[in-house]
Structure formats: C-alpha cells, structure tokens
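Trainee: Take a look at model-v1.pdb, PDB, C-alpha atoms and all ligand atoms:
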```
MODEL        1
ATOM      1  CA  MET A 261       0.000   0.000   0.000
ATOM      2  CA  ASN A 262       1.238   3.391  -1.042
ATOM      3  CA  VAL A 263       0.597   6.504   1.095
ATOM      4  CA  SER A 264      -1.239   8.117  -1.828
ATOM      5  CA  ARG A 265      -4.003   5.453  -1.699
ATOM      6  CA  LEU A 266      -4.594   5.642   2.034
ATOM      7  CA  LEU A 267      -8.134   5.975   3.356
ATOM      8  CA  ILE A 268      -8.212   7.748   6.701
ATOM      9  CA  THR A 269     -11.356   8.569   8.680
ATOM     10  CA  ILE A 270     -11.639  11.251  11.341
ATOM     11  CA  ASP A 271     -14.825  11.255  13.402
ATOM     12  CA  GLY A 272     -15.718  13.229  16.484
ATOM     13  CA  PRO A 273     -18.164  15.653  18.062
ATOM     14  CA  ALA A 274     -18.910  19.208  16.899
ATOM     15  CA  GLY A 275     -16.022  21.582  17.425
ATOM     16  CA  SER A 276     -13.374  18.906  17.986
ATOM     17  CA  GLY A 277     -11.393  20.309  15.065
ATOM     18  CA  LYS A 278     -12.078  17.455  12.641
ATOM     19  CA  SER A 279     -12.350  19.450   9.443
ATOM     20  CA  THR A 280      -9.291  21.653   9.887
ATOM     21  CA  THR A 281      -7.279  18.657  11.088
ATOM     22  CA  ALA A 282      -8.466  16.449   8.229
ATOM     23  CA  ARG A 283      -7.637  19.142   5.671
ATOM     24  CA  GLU A 284      -4.113  19.548   6.996
ATOM     25  CA  VAL A 285      -3.459  15.795   7.327
ATOM     26  CA  ALA A 286      -4.626  15.420   3.710
ATOM     27  CA  ARG A 287      -2.328  18.237   2.578
ATOM     28  CA  VAL A 288       0.727  16.811   4.341
ATOM     29  CA  LEU A 289       0.144  13.285   3.007
ATOM     30  CA  GLY A 290      -0.931  14.386  -0.480
ATOM     31  CA  LEU A 291      -4.476  13.008  -0.114
ATOM     32  CA  ALA A 292      -7.863  14.580  -0.878
ATOM     33  CA  HIS A 293     -10.016  15.903   1.958
ATOM     34  CA  LEU A 294     -13.684  14.897   2.128
ATOM     35  CA  ASP A 295     -15.780  17.067   4.458
ATOM     36  CA  SER A 296     -18.905  14.924   4.823
ATOM     37  CA  GLY A 297     -20.650  17.517   7.006
ATOM     38  CA  ALA A 298     -20.685  19.807   3.972
ATOM     39  CA  LEU A 299     -22.920  17.285   2.183
ATOM     40  CA  TYR A 300     -25.499  17.296   4.995
ATOM     41  CA  ARG A 301     -25.287  21.069   5.029
ATOM     42  CA  ALA A 302     -25.793  21.237   1.264
ATOM     43  CA  LEU A 303     -28.925  19.070   1.440
ATOM     44  CA  THR A 304     -30.211  21.287   4.265
ATOM     45  CA  LEU A 305     -29.597  24.373   2.153
ATOM     46  CA  ALA A 306     -31.300  22.775  -0.846
ATOM     47  CA  LEU A 307     -34.424  22.050   1.221
ATOM     48  CA  LEU A 308     -34.440  25.515   2.768
ATOM     49  CA  ARG A 309     -34.243  26.949  -0.755
ATOM     50  CA  THR A 310     -37.155  24.860  -1.978
ATOM     51  CA  GLY A 311     -39.132  26.019   1.067
ATOM     52  CA  THR A 312     -39.823  22.483   2.321
ATOM     53  CA  PRO A 313     -41.054  22.968   5.934
ATOM     54  CA  GLU A 314     -38.772  21.377   8.541
ATOM     55  CA  GLU A 315     -41.652  19.301   9.905
ATOM     56  CA  GLU A 316     -41.787  17.499   6.549
ATOM     57  CA  TRP A 317     -38.107  16.557   6.446
ATOM     58  CA  GLU A 318     -38.623  13.332   8.407
ATOM     59  CA  GLY A 319     -41.043  12.049   5.805
ATOM     60  CA  LEU A 320     -38.930  12.849   2.755
ATOM     61  CA  GLU A 321     -38.901  10.078   0.181
ATOM     62  CA  ALA A 322     -35.825   8.702  -1.555
ATOM     63  CA  GLY A 323     -37.045   9.972  -4.947
ATOM     64  CA  THR A 324     -37.409  13.544  -3.717
ATOM     65  CA  LEU A 325     -33.931  13.436  -2.221
ATOM     66  CA  GLU A 326     -32.427  11.953  -5.396
ATOM     67  CA  ASP A 327     -33.864  14.896  -7.314
ATOM     68  CA  LEU A 328     -31.815  17.335  -5.254
ATOM     69  CA  ASP A 329     -28.823  17.879  -7.505
ATOM     70  CA  ILE A 330     -25.786  17.641  -5.289
ATOM     71  CA  ALA A 331     -22.284  16.672  -6.438
ATOM     72  CA  LEU A 332     -18.664  16.569  -5.313
ATOM     73  CA  GLU A 333     -16.256  18.224  -7.717
ATOM     74  CA  PRO A 334     -12.519  17.482  -7.339
ATOM     75  CA  ARG A 335     -10.569  20.602  -6.403
ATOM     76  CA  GLU A 336      -7.058  21.318  -5.178
ATOM     77  CA  GLY A 337      -6.798  19.523  -1.810
ATOM     78  CA  GLY A 338     -10.238  17.946  -1.854
ATOM     79  CA  PHE A 339     -13.751  18.407  -3.178
ATOM     80  CA  GLU A 340     -16.160  21.233  -3.597
ATOM     81  CA  VAL A 341     -19.870  20.640  -3.005
ATOM     82  CA  LEU A 342     -22.012  21.751  -5.930
ATOM     83  CA  LEU A 343     -25.765  22.369  -5.754
ATOM     84  CA  GLU A 344     -27.481  22.419  -9.128
ATOM     85  CA  GLY A 345     -23.973  22.566 -10.615
ATOM     86  CA  GLU A 346     -23.087  25.716  -8.675
ATOM     87  CA  SER A 347     -20.642  26.321  -5.880
ATOM     88  CA  VAL A 348     -22.350  27.194  -2.556
ATOM     89  CA  GLY A 349     -19.390  28.163  -0.369
ATOM     90  CA  PRO A 350     -20.061  30.207   2.803
ATOM     91  CA  GLU A 351     -23.833  29.698   2.657
ATOM     92  CA  LEU A 352     -23.219  26.163   3.948
ATOM     93  CA  ARG A 353     -22.143  27.662   7.279
ATOM     94  CA  SER A 354     -25.031  30.121   7.622
ATOM     95  CA  PHE A 355     -26.992  30.232  10.876
ATOM     96  CA  GLU A 356     -30.129  28.732   9.269
ATOM     97  CA  VAL A 357     -28.231  25.796   7.804
ATOM     98  CA  THR A 358     -26.327  25.118  11.043
ATOM     99  CA  ARG A 359     -29.598  25.240  12.981
ATOM    100  CA  GLY A 360     -31.391  22.778  10.711
ATOM    101  CA  VAL A 361     -28.687  20.330   9.726
ATOM    102  CA  SER A 362     -28.733  18.051  12.820
ATOM    103  CA  ARG A 363     -32.430  17.407  12.299
ATOM    104  CA  LEU A 364     -31.954  16.519   8.643
ATOM    105  CA  ALA A 365     -28.914  14.349   9.397
ATOM    106  CA  GLY A 366     -31.143  12.171  11.600
ATOM    107  CA  VAL A 367     -33.384  11.163   8.690
ATOM    108  CA  ALA A 368     -32.593   7.650   7.417
ATOM    109  CA  ALA A 369     -33.435   8.402   3.772
ATOM    110  CA  VAL A 370     -31.102  11.398   3.854
ATOM    111  CA  ARG A 371     -28.194   9.310   5.104
ATOM    112  CA  ARG A 372     -28.862   6.661   2.464
ATOM    113  CA  ARG A 373     -28.944   9.383  -0.193
ATOM    114  CA  LEU A 374     -25.352  10.309   0.612
ATOM    115  CA  ILE A 375     -23.716   6.881   1.007
ATOM    116  CA  ASP A 376     -22.760   6.191  -2.612
ATOM    117  CA  LEU A 377     -21.660   9.748  -3.228
ATOM    118  CA  GLN A 378     -19.209   9.554  -0.337
ATOM    119  CA  ARG A 379     -17.903   6.093  -1.229
ATOM    120  CA  SER A 380     -17.493   6.869  -4.910
ATOM    121  CA  VAL A 381     -14.883   9.578  -4.309
ATOM    122  CA  ALA A 382     -12.705   7.116  -2.406
ATOM    123  CA  GLU A 383     -12.546   4.751  -5.370
ATOM    124  CA  GLU A 384     -10.166   6.882  -7.381
ATOM    125  CA  VAL A 385      -7.958   8.666  -4.856
ATOM    126  CA  GLY A 386      -6.679   8.387  -1.311
ATOM    127  CA  ILE A 387      -8.769  10.470   1.070
ATOM    128  CA  VAL A 388      -9.052  11.825   4.576
ATOM    129  CA  ALA A 389     -12.773  11.867   5.362
ATOM    130  CA  ASP A 390     -14.178  13.666   8.377
ATOM    131  CA  GLY A 391     -17.637  13.442   9.907
ATOM    132  CA  ARG A 392     -19.628  11.439  12.445
ATOM    133  CA  ASP A 393     -19.973   8.003  10.830
ATOM    134  CA  MET A 394     -16.976   7.815   8.523
ATOM    135  CA  GLY A 395     -15.264   4.967  10.353
ATOM    136  CA  THR A 396     -18.441   3.194  11.494
ATOM    137  CA  VAL A 397     -20.770   3.260   8.462
ATOM    138  CA  ILE A 398     -19.273   4.817   5.335
ATOM    139  CA  PHE A 399     -15.721   3.436   5.388
ATOM    140  CA  PRO A 400     -15.662   0.547   7.879
ATOM    141  CA  HIS A 401     -12.492  -0.816   6.205
ATOM    142  CA  ALA A 402     -10.478   2.418   6.384
ATOM    143  CA  HIS A 403      -6.730   1.972   6.855
ATOM    144  CA  LEU A 404      -6.640   4.347   9.787
ATOM    145  CA  LYS A 405      -9.543   5.549  11.942
ATOM    146  CA  VAL A 406      -9.193   8.485  14.275
ATOM    147  CA  PHE A 407     -11.664   9.701  16.899
ATOM    148  CA  LEU A 408     -11.010  13.293  17.965
ATOM    149  CA  THR A 409     -12.322  14.688  21.227
ATOM    150  CA  ALA A 410     -11.816  17.836  23.296
ATOM    151  CA  SER A 411     -13.496  19.250  26.379
ATOM    152  CA  LEU A 412     -16.827  21.039  25.834
ATOM    153  CA  ALA A 413     -15.387  24.384  26.945
ATOM    154  CA  GLU A 414     -12.423  24.076  24.593
ATOM    155  CA  ARG A 415     -14.658  23.123  21.671
ATOM    156  CA  ALA A 416     -16.909  26.120  22.367
ATOM    157  CA  ARG A 417     -13.911  28.448  22.555
ATOM    158  CA  ARG A 418     -12.518  27.148  19.262
ATOM    159  CA  ARG A 419     -15.840  27.484  17.482
ATOM    160  CA  LEU A 420     -16.194  31.107  18.618
ATOM    161  CA  LEU A 421     -12.666  31.940  17.496
ATOM    162  CA  GLN A 422     -13.203  30.197  14.162
ATOM    163  CA  GLU A 423     -16.336  32.226  13.535
ATOM    164  CA  ALA A 424     -14.775  35.457  14.855
ATOM    165  CA  ARG A 425     -17.383  35.784  17.600
ATOM    166  CA  PRO A 426     -16.510  37.101  21.097
ATOM    167  CA  ALA A 427     -15.076  34.351  23.333
ATOM    168  CA  ASP A 428     -16.008  36.083  26.618
ATOM    169  CA  PRO A 429     -17.400  33.920  29.477
ATOM    170  CA  ALA A 430     -21.062  34.569  28.571
ATOM    171  CA  GLY A 431     -20.427  33.810  24.882
ATOM    172  CA  VAL A 432     -18.585  30.622  25.792
ATOM    173  CA  ARG A 433     -21.425  29.516  28.099
ATOM    174  CA  GLU A 434     -23.999  30.005  25.343
ATOM    175  CA  GLU A 435     -21.864  28.164  22.821
ATOM    176  CA  ILE A 436     -21.301  25.277  25.260
ATOM    177  CA  GLU A 437     -25.063  24.879  25.499
ATOM    178  CA  ARG A 438     -25.467  24.927  21.710
ATOM    179  CA  ILE A 439     -22.719  22.344  21.212
ATOM    180  CA  ARG A 440     -24.115  20.157  23.996
ATOM    181  CA  GLN A 441     -27.480  20.079  22.253
ATOM    182  CA  ARG A 442     -25.867  19.153  18.933
ATOM    183  CA  ASP A 443     -23.805  16.428  20.637
ATOM    184  CA  GLU A 444     -26.984  14.987  22.072
ATOM    185  CA  ALA A 445     -28.730  15.086  18.706
ATOM    186  CA  ASP A 446     -25.745  13.522  16.893
ATOM    187  CA  ALA A 447     -25.045  10.815  19.474
ATOM    188  CA  GLY A 448     -28.653  10.140  20.442
ATOM    189  CA  ARG A 449     -30.194   9.637  17.025
ATOM    190  CA  GLU A 450     -31.222   6.138  16.051
ATOM    191  CA  ILE A 451     -29.507   6.011  12.714
ATOM    192  CA  ALA A 452     -25.717   6.236  12.365
ATOM    193  CA  PRO A 453     -25.234   7.932  15.741
ATOM    194  CA  LEU A 454     -21.879   9.460  16.574
ATOM    195  CA  ARG A 455     -19.792   6.593  18.041
ATOM    196  CA  ARG A 456     -16.128   6.002  18.469
ATOM    197  CA  PRO A 457     -15.291   3.150  16.076
ATOM    198  CA  PRO A 458     -13.895   0.324  18.245
ATOM    199  CA  ASP A 459     -10.748   0.144  16.086
ATOM    200  CA  ALA A 460     -10.107   3.907  16.097
ATOM    201  CA  ILE A 461      -7.267   5.679  17.848
ATOM    202  CA  GLU A 462      -8.686   8.350  20.142
ATOM    203  CA  ILE A 463      -6.925  11.689  20.426
ATOM    204  CA  ASP A 464      -8.008  14.200  23.069
ATOM    205  CA  THR A 465      -6.935  17.522  21.606
ATOM    206  CA  THR A 466      -7.885  19.728  24.594
ATOM    207  CA  SER A 467      -4.292  20.526  25.431
ATOM    208  CA  LEU A 468      -2.596  19.725  22.129
ATOM    209  CA  THR A 469      -1.510  22.306  19.597
ATOM    210  CA  PHE A 470      -2.904  21.984  16.101
ATOM    211  CA  GLU A 471       0.526  20.908  14.827
ATOM    212  CA  GLU A 472       0.739  18.215  17.514
ATOM    213  CA  GLN A 473      -2.636  16.671  16.672
ATOM    214  CA  VAL A 474      -1.930  16.705  12.931
ATOM    215  CA  GLY A 475       1.550  15.300  13.603
ATOM    216  CA  ARG A 476       0.199  12.336  15.575
ATOM    217  CA  ILE A 477      -2.165  11.307  12.796
ATOM    218  CA  VAL A 478       0.436  11.740  10.053
ATOM    219  CA  LEU A 479       2.938   9.712  12.071
ATOM    220  CA  GLU A 480       0.442   6.914  12.648
ATOM    221  CA  ALA A 481      -0.525   6.847   8.953
ATOM    222  CA  ARG A 482       3.121   6.618   7.863
ATOM    223  CA  ARG A 483       3.839   3.957  10.479
ATOM    224  CA  ARG A 484       0.972   1.807   9.223
ATOM    225  CA  VAL A 485       2.180   2.063   5.637
ATOM    226  CA  ALA A 486       5.803   1.326   6.634
ATOM    227  CA  GLU A 487       4.786  -1.684   8.724
ATOM    228  CA  GLY A 488       2.394  -2.978   6.072
ATOM    229  CA  LEU A 489      -0.574  -2.718   8.443
ATOM    230  CA  THR A 490      -2.959  -1.279   5.902
ATOM    231  CA  GLY A 491      -4.020  -4.352   3.915
ATOM    232  CA  GLU A 492      -4.763  -3.855   0.248
ATOM    233  CA  ASP A 493      -8.433  -3.243  -0.186
ATOM    234  CA  CYS A 494     -10.276  -0.656   1.824
ATOM    235  CA  ALA A 495     -13.038   1.019  -0.167
ATOM    236  CA  GLY A 496     -16.488   1.103   1.445
TER     237      GLY A 496
HETATM  238  O1  LIG B   1     -19.258  18.694  10.861
HETATM  239  P1  LIG B   1     -20.392  19.669  10.595
HETATM  240  O2  LIG B   1     -20.652  20.631  11.733
HETATM  241  O3  LIG B   1     -20.260  20.362   9.287
HETATM  242  O4  LIG B   1     -21.683  18.723  10.494
HETATM  243  C1  LIG B   1     -22.945  19.258  10.229
HETATM  244  C2  LIG B   1     -24.030  18.327  10.743
HETATM  245  O5  LIG B   1     -24.099  17.160   9.949
HETATM  246  C3  LIG B   1     -23.919  17.879  12.189
HETATM  247  O6  LIG B   1     -25.159  18.099  12.836
HETATM  248  C4  LIG B   1     -23.658  16.421  12.140
HETATM  249  C5  LIG B   1     -24.083  16.012  10.764
HETATM  250  N1  LIG B   1     -23.167  15.040  10.177
HETATM  251  C6  LIG B   1     -23.525  13.730  10.235
HETATM  252  O7  LIG B   1     -24.573  13.402  10.786
HETATM  253  N2  LIG B   1     -22.746  12.790   9.651
HETATM  254  C7  LIG B   1     -21.596  13.136   9.058
HETATM  255  N3  LIG B   1     -20.836  12.201   8.497
HETATM  256  C8  LIG B   1     -21.209  14.490   8.999
HETATM  257  C9  LIG B   1     -22.009  15.424   9.587
ENDMDL
END
```
Using structure tokens, write down the structure that the file contains.
Ligand code: DC

Mentor:
Amino acid sequence: MNVSRLLITIDGPAGSGKSTTAREVARVLGLAHLDSGALYRALTLALLRTGTPEEEWEGLEAGTLEDLDIALEPREGGFEVLLEGESVGPELRSFEVTRGVSRLAGVAAVRRRLIDLQRSVAEEVGIVADGRDMGTVIFPHAHLKVFLTASLAERARRRLLQEARPADPAGVREEIERIRQRDEADAGREIAPLRRPPDAIEIDTTSLTFEEQVGRIVLEARRRVAEGLTGEDCAG
C-alpha cells in the first residue's frame, strides 16, 4: 500500500477540530479531503431553498432526495460541493443551515442518499474523510480511523474563534449549550449515531496544539504504511 491510496477517517463531536485537522493531514500526506458535514449542510440548504417545511423533512422520500442535484467536484486539496452545478461556499455555514442540519442528518433516507456519493470519491484517490460516521458506516475498512475529542469548553472556545465571535465567558457559556445540544442530537439519534469506532485511535486535543494533533495522525498513517498494516483493499 502506497501513502497516496490511504483511506483515513476522522470522526468526532462538533467543534473537535475534525475538518481543519483532516484538511491539513490530507495536505501533508498528499491526499484529498472529504468534508462529509458539507454534504449534509448542502442538502439542508437545498431544502431551505425549496421552502420544504422542517416538519416534513422526516417524511422525505428517496425519490425527492435523489432529485436534489448535489455533487462533489474534485478541487485542489479535496472536493467542492455543488448544488445544481453551482458552488455554494459560505452559505453552507449560515446560521439557518447550522440550525437545521442536525435534524436533517437524523433522517434515514437522507443518510442513504449520501452513502454512494461519499464512497465513490474514495474509489479513485486516497482520502481523509471527516464526519460522524466515517469509520463506522461509510468506510468501515479504512486503513486508519481516528476519533477526535476535546473538552466542551475548549470546543466552544474554538468554534467562537473560528467564527470570529466574542469568546467572553457569557459567549462561551452560550456556545457550550449549543454544542451540547448538537452532541446529544448527533449521538442520540437512532440512525448512524456518533460513536467512536472500536478500532479507532482516540486523540483528546484539549491541550494539544494543532501541529501536535496533525503530527500524531500523520505519524500513525506513515507507520501503518511502513509496517504494512494497511491491507490492500479498503473502499467502502
Ligand atoms: O461537521 P459539521 O458541523 O459540518 O456537520 C454538520 C451536521 O451534519 C452535524 O449536525 C452532524 C451532521 N453530520 C452527520 O450526521 N454525519 C456526518 N458524516 C457528517 C455530519
């Protein structure tokens, strides 16, 4: 197994730094980054745009979801999510999308809608995929599975900094509550709940620098390749 065909999964709760870590690990190892959360966000945005009331999301049928035109376009370093062939960019992180996405991500038909799309990108290139069910459901045979955690307070602080919002004690308290609710929704849902894959390495990043957490994953990936611990076939 060559490093360039590695399949690495990084799962963890909201604000644990998965996406930034996954992007940097992918860059260092020359792999493509797949941000699976962006797909759930894109479907949320698509439904908000069509004006489908949130109360109807649970009952959405596979056919309706298939009709939502969502694609992953290879780009430098990873993939861009396209809706109706167009780039959506910062809208994916809007307040409305962030508020609605956990609810949509709990709908079984929605998760099924995204399975093949996610697996298909790993057929051609090595990837670092981040999300909630990458190592448990989407890529159970990944060469390396990582589960990232950090304390609630640290995750809240990071999220505020990332979004350039004030990280004063009151702001942090509010954000902690928001993250706690999302954790509950992600881990408590019936379908593909957030779980640490039993064969994942767990990294608590609360007191690690960004470079340290990226370094640990890169080191482990290289060690597995060097020691031939990756097997040959990993897709899906
Ligand atoms: O990582 P994020 O904040 O962009 O994720 C957005 C939402 O999508 C979050 O509520 C969890 C959900 N999600 C999921 O259920 N499964 C994934 N693989 C990725 C994200």

Trainee: Using the chain letters and numbers from the file, give me the residues hit by the PyMOL selection byres (((chain A and resi 327-336) around 9) and not hetatm), as a ChimeraX atom specification.

Mentor: /A:292,299,302-303,306-307,322-326,337-345,377-378,381

Trainee: List the residues selected by the PyMOL selection byres (((not hetatm)) within 9 of (chain B and resi 1)) in the file shown, writing them as a PyMOL selection string.

Mentor: chain A and resi 271-275+278-279+295-301+352-353+357-366+371+389-394+397-398+442-443+445-446+452-454

Trainee: Calculate how many Å separate atom CA of Val385 of chain A from atom CA of Gly290 of chain A, rounding to one decimal.

Mentor: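 If I compute the distance from atom CA of Val385 of chain A to atom CA of Gly290 of chain A, I get 10.1 Å.
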
Trainee: Would you mind telling me which residue in A:Ile451, A:Ala413, A:Gly386, A:Glu315 lies nearest to Val367 of chain A when using all atoms listed in the file?

Mentor: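 Of A:Ile451, A:Ala413, A:Gly386, A:Glu315, the one nearest Val367 of chain A is A:Ile451, counting all atoms listed in the file.
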
Trainee: Provide the atom CA of Arg440 of chain A to atom CA of Gly395 of chain A distance in Å, to one decimal place.

Mentor: 22.3 Å

Trainee: Go through A:Gln422, A:Ser347, A:Ser264, A:Ser276 and flag the residue nearest Leu291 of chain A, using all atoms listed in the file for the distances.

Mentor: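 The shortest atom-to-atom distance to Leu291 of chain A comes from A:Ser264.
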